[in-house]
file target.csv (CSV, C-alpha atoms and all ligand atoms)
chain,number,residue,atom,x,y,z
A,191,MET,CA,-16.2,27.6,-11.5
A,192,ARG,CA,-17.5,24.1,-12.3
A,193,ILE,CA,-15.4,21.7,-14.2
A,194,GLY,CA,-16.8,18.6,-16.0
A,195,LEU,CA,-14.4,15.7,-16.1
A,196,LEU,CA,-14.6,12.8,-18.7
A,197,ALA,CA,-12.2,9.9,-19.2
A,198,ASP,CA,-11.9,6.6,-21.1
A,199,ILE,CA,-14.7,7.2,-23.6
A,200,HIS,CA,-13.3,4.4,-25.7
A,201,ALA,CA,-15.3,4.9,-28.9
A,202,ASN,CA,-18.7,4.5,-27.1
A,203,GLN,CA,-20.8,7.1,-28.7
A,204,PRO,CA,-24.1,6.4,-26.9
A,205,ALA,CA,-22.4,6.6,-23.5
A,206,LEU,CA,-20.7,9.9,-24.5
A,207,GLU,CA,-23.9,11.4,-25.7
A,208,ALA,CA,-25.7,10.3,-22.6
A,209,VAL,CA,-23.1,12.0,-20.4
A,210,LEU,CA,-23.1,15.2,-22.5
A,211,ALA,CA,-26.9,15.3,-22.1
A,212,ASP,CA,-26.7,14.6,-18.4
A,213,LEU,CA,-24.1,17.3,-17.6
A,214,PRO,CA,-25.2,20.0,-15.3
A,215,ASP,CA,-24.1,23.6,-16.0
A,216,ILE,CA,-20.3,23.7,-16.2
A,217,ASP,CA,-17.7,26.3,-17.2
A,218,GLN,CA,-15.2,24.0,-18.7
A,219,LEU,CA,-15.2,20.4,-20.0
A,220,VAL,CA,-12.0,18.4,-19.6
A,221,CYS,CA,-11.3,15.1,-21.3
A,222,LEU,CA,-8.6,12.9,-19.7
A,223,GLY,CA,-7.9,10.7,-22.7
A,224,ASP,CA,-8.6,7.3,-24.3
A,225,ILE,CA,-11.2,8.7,-26.7
A,226,VAL,CA,-10.8,5.6,-29.0
A,227,GLY,CA,-10.2,1.9,-28.5
A,228,TYR,CA,-12.3,-1.1,-27.7
A,229,ASN,CA,-15.8,0.0,-28.9
A,230,PRO,CA,-17.1,0.6,-32.5
A,231,MET,CA,-17.7,4.3,-32.8
A,232,PRO,CA,-14.2,6.0,-32.7
A,233,ALA,CA,-14.9,8.7,-35.4
A,234,ALA,CA,-18.1,10.1,-33.8
A,235,CYS,CA,-16.4,10.2,-30.4
A,236,VAL,CA,-13.3,12.1,-31.8
A,237,GLU,CA,-15.6,14.7,-33.3
A,238,LEU,CA,-17.8,15.1,-30.2
A,239,VAL,CA,-14.8,15.6,-28.0
A,240,ARG,CA,-13.2,18.1,-30.4
A,241,ASP,CA,-16.5,20.0,-30.5
A,242,ARG,CA,-17.3,20.0,-26.8
A,243,ALA,CA,-14.1,19.7,-24.7
A,244,ASP,CA,-12.1,22.7,-23.7
A,245,VAL,CA,-9.0,20.7,-22.6
A,246,VAL,CA,-8.0,17.2,-23.8
A,247,VAL,CA,-5.0,15.1,-23.0
A,248,GLN,CA,-3.8,12.0,-24.7
A,249,GLY,CA,-4.5,8.5,-23.4
A,250,ASN,CA,-2.5,5.4,-24.2
A,251,HIS,CA,-5.0,4.1,-26.7
A,252,ASP,CA,-5.0,7.5,-28.5
A,253,ARG,CA,-1.2,7.3,-28.6
A,254,LEU,CA,-1.1,3.8,-30.0
A,255,ILE,CA,-3.7,4.4,-32.8
A,256,GLU,CA,-0.9,4.1,-35.4
A,257,ARG,CA,0.8,1.2,-33.7
A,258,PRO,CA,-2.0,-1.3,-32.6
A,259,LEU,CA,0.6,-4.2,-32.5
A,260,ARG,CA,2.1,-2.6,-29.4
A,261,MET,CA,-1.0,-3.7,-27.5
A,262,THR,CA,0.5,-7.1,-27.1
A,263,GLY,CA,-1.3,-9.6,-24.9
A,264,ASN,CA,-4.6,-7.7,-25.0
A,265,LYS,CA,-6.7,-9.0,-27.8
A,266,MET,CA,-9.7,-6.7,-27.1
A,267,ALA,CA,-7.5,-3.6,-27.0
A,268,ARG,CA,-5.6,-4.5,-30.1
A,269,ALA,CA,-8.7,-5.2,-32.1
A,270,GLY,CA,-10.3,-2.0,-31.0
A,271,LEU,CA,-7.2,0.0,-32.1
A,272,GLU,CA,-7.0,-1.8,-35.5
A,273,TYR,CA,-10.7,-1.0,-36.0
A,274,ALA,CA,-10.2,2.7,-35.0
A,275,GLN,CA,-7.2,2.9,-37.3
A,276,SER,CA,-9.4,1.7,-40.2
A,277,GLN,CA,-12.3,4.1,-39.4
A,278,LEU,CA,-10.6,7.4,-38.6
A,279,SER,CA,-9.4,9.8,-41.3
A,280,ALA,CA,-5.7,10.6,-41.5
A,281,GLU,CA,-6.5,14.1,-40.1
A,282,GLN,CA,-8.4,12.6,-37.1
A,283,ARG,CA,-5.5,10.2,-36.4
A,284,GLN,CA,-3.1,13.1,-36.6
A,285,TRP,CA,-5.2,15.0,-34.1
A,286,LEU,CA,-4.9,12.2,-31.6
A,287,GLN,CA,-1.2,12.0,-32.1
A,288,THR,CA,-0.7,15.7,-31.4
A,289,LEU,CA,-2.7,15.7,-28.1
A,290,PRO,CA,-0.5,16.8,-25.1
A,291,ARG,CA,0.3,14.3,-22.3
A,292,THR,CA,-0.4,16.8,-19.6
A,293,ALA,CA,-2.4,20.0,-19.3
A,294,HIS,CA,-3.6,22.4,-16.6
A,295,VAL,CA,-6.9,23.7,-15.4
A,296,ASP,CA,-7.4,27.0,-13.6
A,297,GLY,CA,-3.6,27.1,-13.2
A,298,SER,CA,-3.8,24.9,-10.2
A,299,TYR,CA,-4.9,21.4,-11.3
A,300,LEU,CA,-2.8,18.9,-13.2
A,301,VAL,CA,-4.5,17.0,-16.0
A,302,VAL,CA,-3.1,13.6,-17.1
A,303,HIS,CA,-4.4,10.3,-18.3
A,304,ASP,CA,-2.5,7.9,-16.1
A,305,HIS,CA,0.2,8.3,-13.4
A,306,PRO,CA,1.9,11.7,-13.6
A,307,THR,CA,5.4,10.3,-13.5
A,308,LYS,CA,5.1,6.6,-14.6
A,309,GLN,CA,3.9,6.2,-18.3
A,310,ASP,CA,0.9,3.9,-18.4
A,311,GLY,CA,0.9,3.5,-14.6
A,312,TYR,CA,-2.4,2.8,-13.0
A,313,VAL,CA,-3.6,4.8,-9.9
A,314,PHE,CA,-6.3,2.6,-8.4
A,315,PRO,CA,-8.1,3.9,-5.3
A,316,GLU,CA,-5.8,1.8,-3.1
A,317,ASP,CA,-2.7,3.2,-4.9
A,318,VAL,CA,-3.2,6.9,-4.4
A,319,GLU,CA,-0.2,7.1,-2.1
A,320,SER,CA,2.0,6.5,-5.2
A,321,LEU,CA,1.1,10.1,-6.2
A,322,SER,CA,2.8,11.5,-3.1
A,323,GLY,CA,5.4,14.0,-4.1
A,324,THR,CA,4.3,14.0,-7.8
A,325,ILE,CA,1.7,16.8,-7.6
A,326,ASP,CA,3.5,19.3,-5.3
A,327,GLY,CA,2.5,22.8,-6.2
A,328,TYR,CA,-0.9,21.8,-7.5
A,329,ALA,CA,-4.3,21.9,-5.7
A,330,GLY,CA,-4.9,18.5,-7.2
A,331,VAL,CA,-4.8,16.1,-10.1
A,332,PHE,CA,-7.4,14.8,-12.6
A,333,LEU,CA,-6.6,11.3,-14.0
A,334,GLY,CA,-8.2,8.3,-15.6
A,335,HIS,CA,-6.9,5.0,-17.0
A,336,THR,CA,-8.2,2.6,-14.3
A,337,HIS,CA,-11.9,3.0,-15.4
A,338,VAL,CA,-12.6,3.1,-11.6
A,339,GLN,CA,-14.4,6.2,-10.3
A,340,ASP,CA,-12.8,7.7,-7.2
A,341,VAL,CA,-12.1,10.8,-5.3
A,342,SER,CA,-9.5,11.0,-2.6
A,343,ARG,CA,-6.6,13.1,-1.2
A,344,VAL,CA,-2.9,12.7,-1.0
A,345,ASP,CA,-0.6,15.1,0.7
A,346,GLY,CA,-3.7,17.2,1.3
A,347,ARG,CA,-4.3,17.5,-2.5
A,348,LEU,CA,-7.3,16.4,-4.4
A,349,VAL,CA,-7.2,13.3,-6.6
A,350,VAL,CA,-10.2,12.9,-9.0
A,351,ASN,CA,-10.7,9.9,-11.3
A,352,PRO,CA,-14.1,10.4,-12.9
A,353,GLY,CA,-14.3,6.8,-13.9
A,354,SER,CA,-15.0,5.6,-17.5
A,355,VAL,CA,-17.6,7.0,-19.8
A,356,GLY,CA,-17.5,4.1,-22.3
A,357,GLN,CA,-16.1,1.0,-20.5
A,358,PRO,CA,-16.7,1.2,-16.7
A,359,ARG,CA,-14.8,-1.4,-14.6
A,360,ASP,CA,-16.0,-0.5,-11.2
A,361,GLY,CA,-19.0,-2.8,-10.9
A,362,SER,CA,-21.6,-0.6,-12.5
A,363,PRO,CA,-22.4,-0.6,-16.3
A,364,THR,CA,-23.5,3.0,-16.2
A,365,ALA,CA,-21.5,5.7,-17.8
A,366,ALA,CA,-19.3,7.6,-15.3
A,367,TYR,CA,-18.1,11.2,-15.1
A,368,ALA,CA,-17.5,13.9,-12.5
A,369,VAL,CA,-18.0,17.6,-11.8
A,370,LEU,CA,-15.7,19.6,-9.6
A,371,ASN,CA,-16.6,22.9,-8.0
A,372,ILE,CA,-13.3,24.7,-7.8
A,373,GLU,CA,-14.4,27.2,-5.2
A,374,THR,CA,-15.8,24.7,-2.7
A,375,GLY,CA,-13.5,21.7,-3.7
A,376,GLU,CA,-16.7,19.6,-3.8
A,377,VAL,CA,-16.7,16.7,-6.3
A,378,ASP,CA,-19.9,15.2,-7.6
A,379,LEU,CA,-19.2,11.6,-8.9
A,380,ARG,CA,-22.0,11.0,-11.4
A,381,ARG,CA,-23.4,8.1,-13.4
A,382,THR,CA,-25.9,7.9,-16.2
A,383,HIS,CA,-27.6,5.1,-18.0
A,384,TYR,CA,-27.2,4.7,-21.8
A,385,ASP,CA,-28.2,2.2,-24.5
A,386,VAL,CA,-25.7,-0.7,-23.8
A,387,ASP,CA,-27.7,-3.0,-26.2
A,388,ARG,CA,-27.0,-0.6,-29.1
A,389,VAL,CA,-23.3,-0.7,-28.5
A,390,HIS,CA,-23.3,-4.5,-28.0
A,391,HIS,CA,-25.1,-4.9,-31.3
A,392,GLU,CA,-22.5,-2.7,-33.1
A,393,VAL,CA,-19.7,-4.8,-31.6
A,394,VAL,CA,-21.3,-7.9,-33.1
A,395,VAL,CA,-22.0,-6.3,-36.5
A,396,THR,CA,-18.5,-4.9,-36.8
A,397,GLY,CA,-16.8,-8.1,-35.8
A,398,LEU,CA,-15.0,-6.8,-32.8
A,399,PRO,CA,-14.3,-9.4,-30.1
A,400,THR,CA,-17.5,-10.6,-28.4
A,401,GLU,CA,-15.9,-10.0,-25.0
A,402,THR,CA,-15.8,-6.2,-25.8
A,403,GLY,CA,-19.6,-6.1,-25.9
A,404,GLU,CA,-20.2,-8.5,-23.0
A,405,ARG,CA,-17.9,-6.4,-20.8
A,406,LEU,CA,-20.2,-3.4,-21.1
A,407,PHE,CA,-23.0,-5.3,-19.4
A,408,GLU,CA,-20.7,-6.5,-16.6
A,409,GLY,CA,-19.2,-3.1,-15.8
A,410,GLN,CA,-15.9,-4.9,-15.1
B,501,FE,FE,-8.8,3.4,-20.9
call {"tool": "encode", "arguments": {"input": "target.csv", "output": "structure tokens", "more": "lines below"}}
Ligand SMILES: [Fe+2]
result
Amino acid sequence: MRIGLLADIHANQPALEAVLADLPDIDQLVCLGDIVGYNPMPAACVELVRDRADVVVQGNHDRLIERPLRMTGNKMARAGLEYAQSQLSAEQRQWLQTLPRTAHVDGSYLVVHDHPTKQDGYVFPEDVESLSGTIDGYAGVFLGHTHVQDVSRVDGRLVVNPGSVGQPRDGSPTAAYAVLNIETGEVDLRRTHYDVDRVHHEVVVTGLPTETGERLFEGQ
């Protein structure tokens, strides 16, 4: 059984479409949250995820869609959420609000957006030991939030962060995702190019912060 893992799409439709086109044969598609925020195409991304993903958990941006002011100190995040709030239908916003915080795949993998026991907690590659004791009983955990692609092990259990589809911060501007083969435990960390210029242009046209568009080229 092969599982496709997507995270941190952040309203980047061209990146999401590129990943969906690049996906090899899979049995299940799992979205680890942060469908909206930052970039200018939230509605299209919500619809694509609803249409294509079998399992979806809620990210912090999805959760804060009705309360952008809570994104204090992060101008880009706040602007992206205010924009998403103005673009999504009430029904789409409601769908984001009702997404679960955790899910399971194959009865043996935990699915979360961020740290399993610390809300909004980041698990960077150098912090995986902070997961020790939190995923007992599972074969592994799928998580996102850092926008840094990584596969590692803690307590002998698999930890997969597929990286970010729509706003990579691990040095490469290409859209990131992953595919896990459950039988072999093999993880394929994948990247694909997409039309960054198109998204940058939309950021300018919609009046979102210029840093939001520039960041896509930097991959940071
Ligand atoms: Fe995110």
call {"tool": "closest_residue", "arguments": {"input": "target.csv", "among": "A:Leu195, A:Ala208, A:Val377, A:Val239", "to": "Val302 (chain A)", "atoms": "all atoms listed in the file"}}
result
A:Leu195
call {"tool": "closest_residue", "arguments": {"input": "target.csv", "among": "A:Val313, A:Ala280, A:Leu333, A:Leu321", "to": "Thr292 (chain A)", "atoms": "only C-alpha atoms"}}
result
A:Leu333
call {"tool": "closest_residue", "arguments": {"input": "target.csv", "among": "A:Ala197, A:Val395, A:Ala205, A:Ala233", "to": "Val350 (chain A)", "atoms": "all atoms listed in the file"}}
result
A:Ala197
call {"tool": "atom_distance", "arguments": {"input": "target.csv", "atom1": "CA of Gln284 (chain A)", "atom2": "CA of Asp224 (chain A)"}}
result
14.7 Å
call {"tool": "atom_distance", "arguments": {"input": "target.csv", "atom1": "CA of His391 (chain A)", "atom2": "CA of Pro352 (chain A)"}}
result
26.3 Å
call {"tool": "closest_atom_pairs", "arguments": {"input": "target.csv", "of": "chain A", "to": "ligand FE 501 (chain B)", "cutoff": "9 Å", "atoms": "all atoms listed in the file", "output": "CSV"}}
result
residue,atom,partner,partner_atom,distance
A:Ala197,CA,B:FE501,FE,7.5
A:Asp198,CA,B:FE501,FE,4.5
A:Ile199,CA,B:FE501,FE,7.5
A:His200,CA,B:FE501,FE,6.7
A:Gly223,CA,B:FE501,FE,7.6
A:Asp224,CA,B:FE501,FE,5.2
A:Ile225,CA,B:FE501,FE,8.2
A:Val226,CA,B:FE501,FE,8.6
A:Gly227,CA,B:FE501,FE,7.9
A:Tyr228,CA,B:FE501,FE,8.9
A:Gly249,CA,B:FE501,FE,7.1
A:Asn250,CA,B:FE501,FE,7.4
A:His251,CA,B:FE501,FE,7.0
A:His303,CA,B:FE501,FE,8.6
A:Gly334,CA,B:FE501,FE,7.2
A:His335,CA,B:FE501,FE,4.6
A:Thr336,CA,B:FE501,FE,6.7
A:His337,CA,B:FE501,FE,6.3
A:Ser354,CA,B:FE501,FE,7.4
A:Gly356,CA,B:FE501,FE,8.8
A:Gln357,CA,B:FE501,FE,7.7
call {"tool": "residues_around", "arguments": {"input": "target.csv", "residues": "Arg343 (chain A)", "least_positions_apart": "2", "cutoff": "10 Å", "atoms": "only C-alpha atoms", "output": "JSON, numbers by chain"}}
result
{"A": [318, 319, 321, 322, 330, 331, 341, 345, 346, 347, 348, 349, 350]}
call {"tool": "residues_around", "arguments": {"input": "target.csv", "residues": "His294 (chain A)", "least_positions_apart": "2", "cutoff": "12 Å", "atoms": "all atoms listed in the file", "output": "compact mmCIF listing (two decimals) with C-alpha atoms, in the frame of the given file"}}
result
# COMPACT_ATOMS: atom_id res chain seq x y z
CA GLN A 218 -15.20 24.00 -18.70
CA VAL A 220 -12.00 18.40 -19.60
CA CYS A 221 -11.30 15.10 -21.30
CA LEU A 222 -8.60 12.90 -19.70
CA ASP A 244 -12.10 22.70 -23.70
CA VAL A 245 -9.00 20.70 -22.60
CA VAL A 246 -8.00 17.20 -23.80
CA VAL A 247 -5.00 15.10 -23.00
CA PRO A 290 -0.50 16.80 -25.10
CA ARG A 291 0.30 14.30 -22.30
CA THR A 292 -0.40 16.80 -19.60
CA ASP A 296 -7.40 27.00 -13.60
CA GLY A 297 -3.60 27.10 -13.20
CA SER A 298 -3.80 24.90 -10.20
CA TYR A 299 -4.90 21.40 -11.30
CA LEU A 300 -2.80 18.90 -13.20
CA VAL A 301 -4.50 17.00 -16.00
CA VAL A 302 -3.10 13.60 -17.10
CA ILE A 325 1.70 16.80 -7.60
CA TYR A 328 -0.90 21.80 -7.50
CA ALA A 329 -4.30 21.90 -5.70
CA GLY A 330 -4.90 18.50 -7.20
CA VAL A 331 -4.80 16.10 -10.10
CA PHE A 332 -7.40 14.80 -12.60
CA LEU A 333 -6.60 11.30 -14.00
call {"tool": "residues_around", "arguments": {"input": "target.csv", "residues": "Pro258 (chain A)", "least_positions_apart": "2", "cutoff": "8 Å", "atoms": "all atoms listed in the file", "output": "NGL selection string"}}
result
:A and (254-256 or 260-261 or 268-269 or 271-272)
call {"tool": "closest_residue", "arguments": {"input": "target.csv", "among": "A:Val295, A:Ala274, A:Val338, A:Cys235", "to": "Thr364 (chain A)", "atoms": "all atoms listed in the file"}}
result
A:Val338
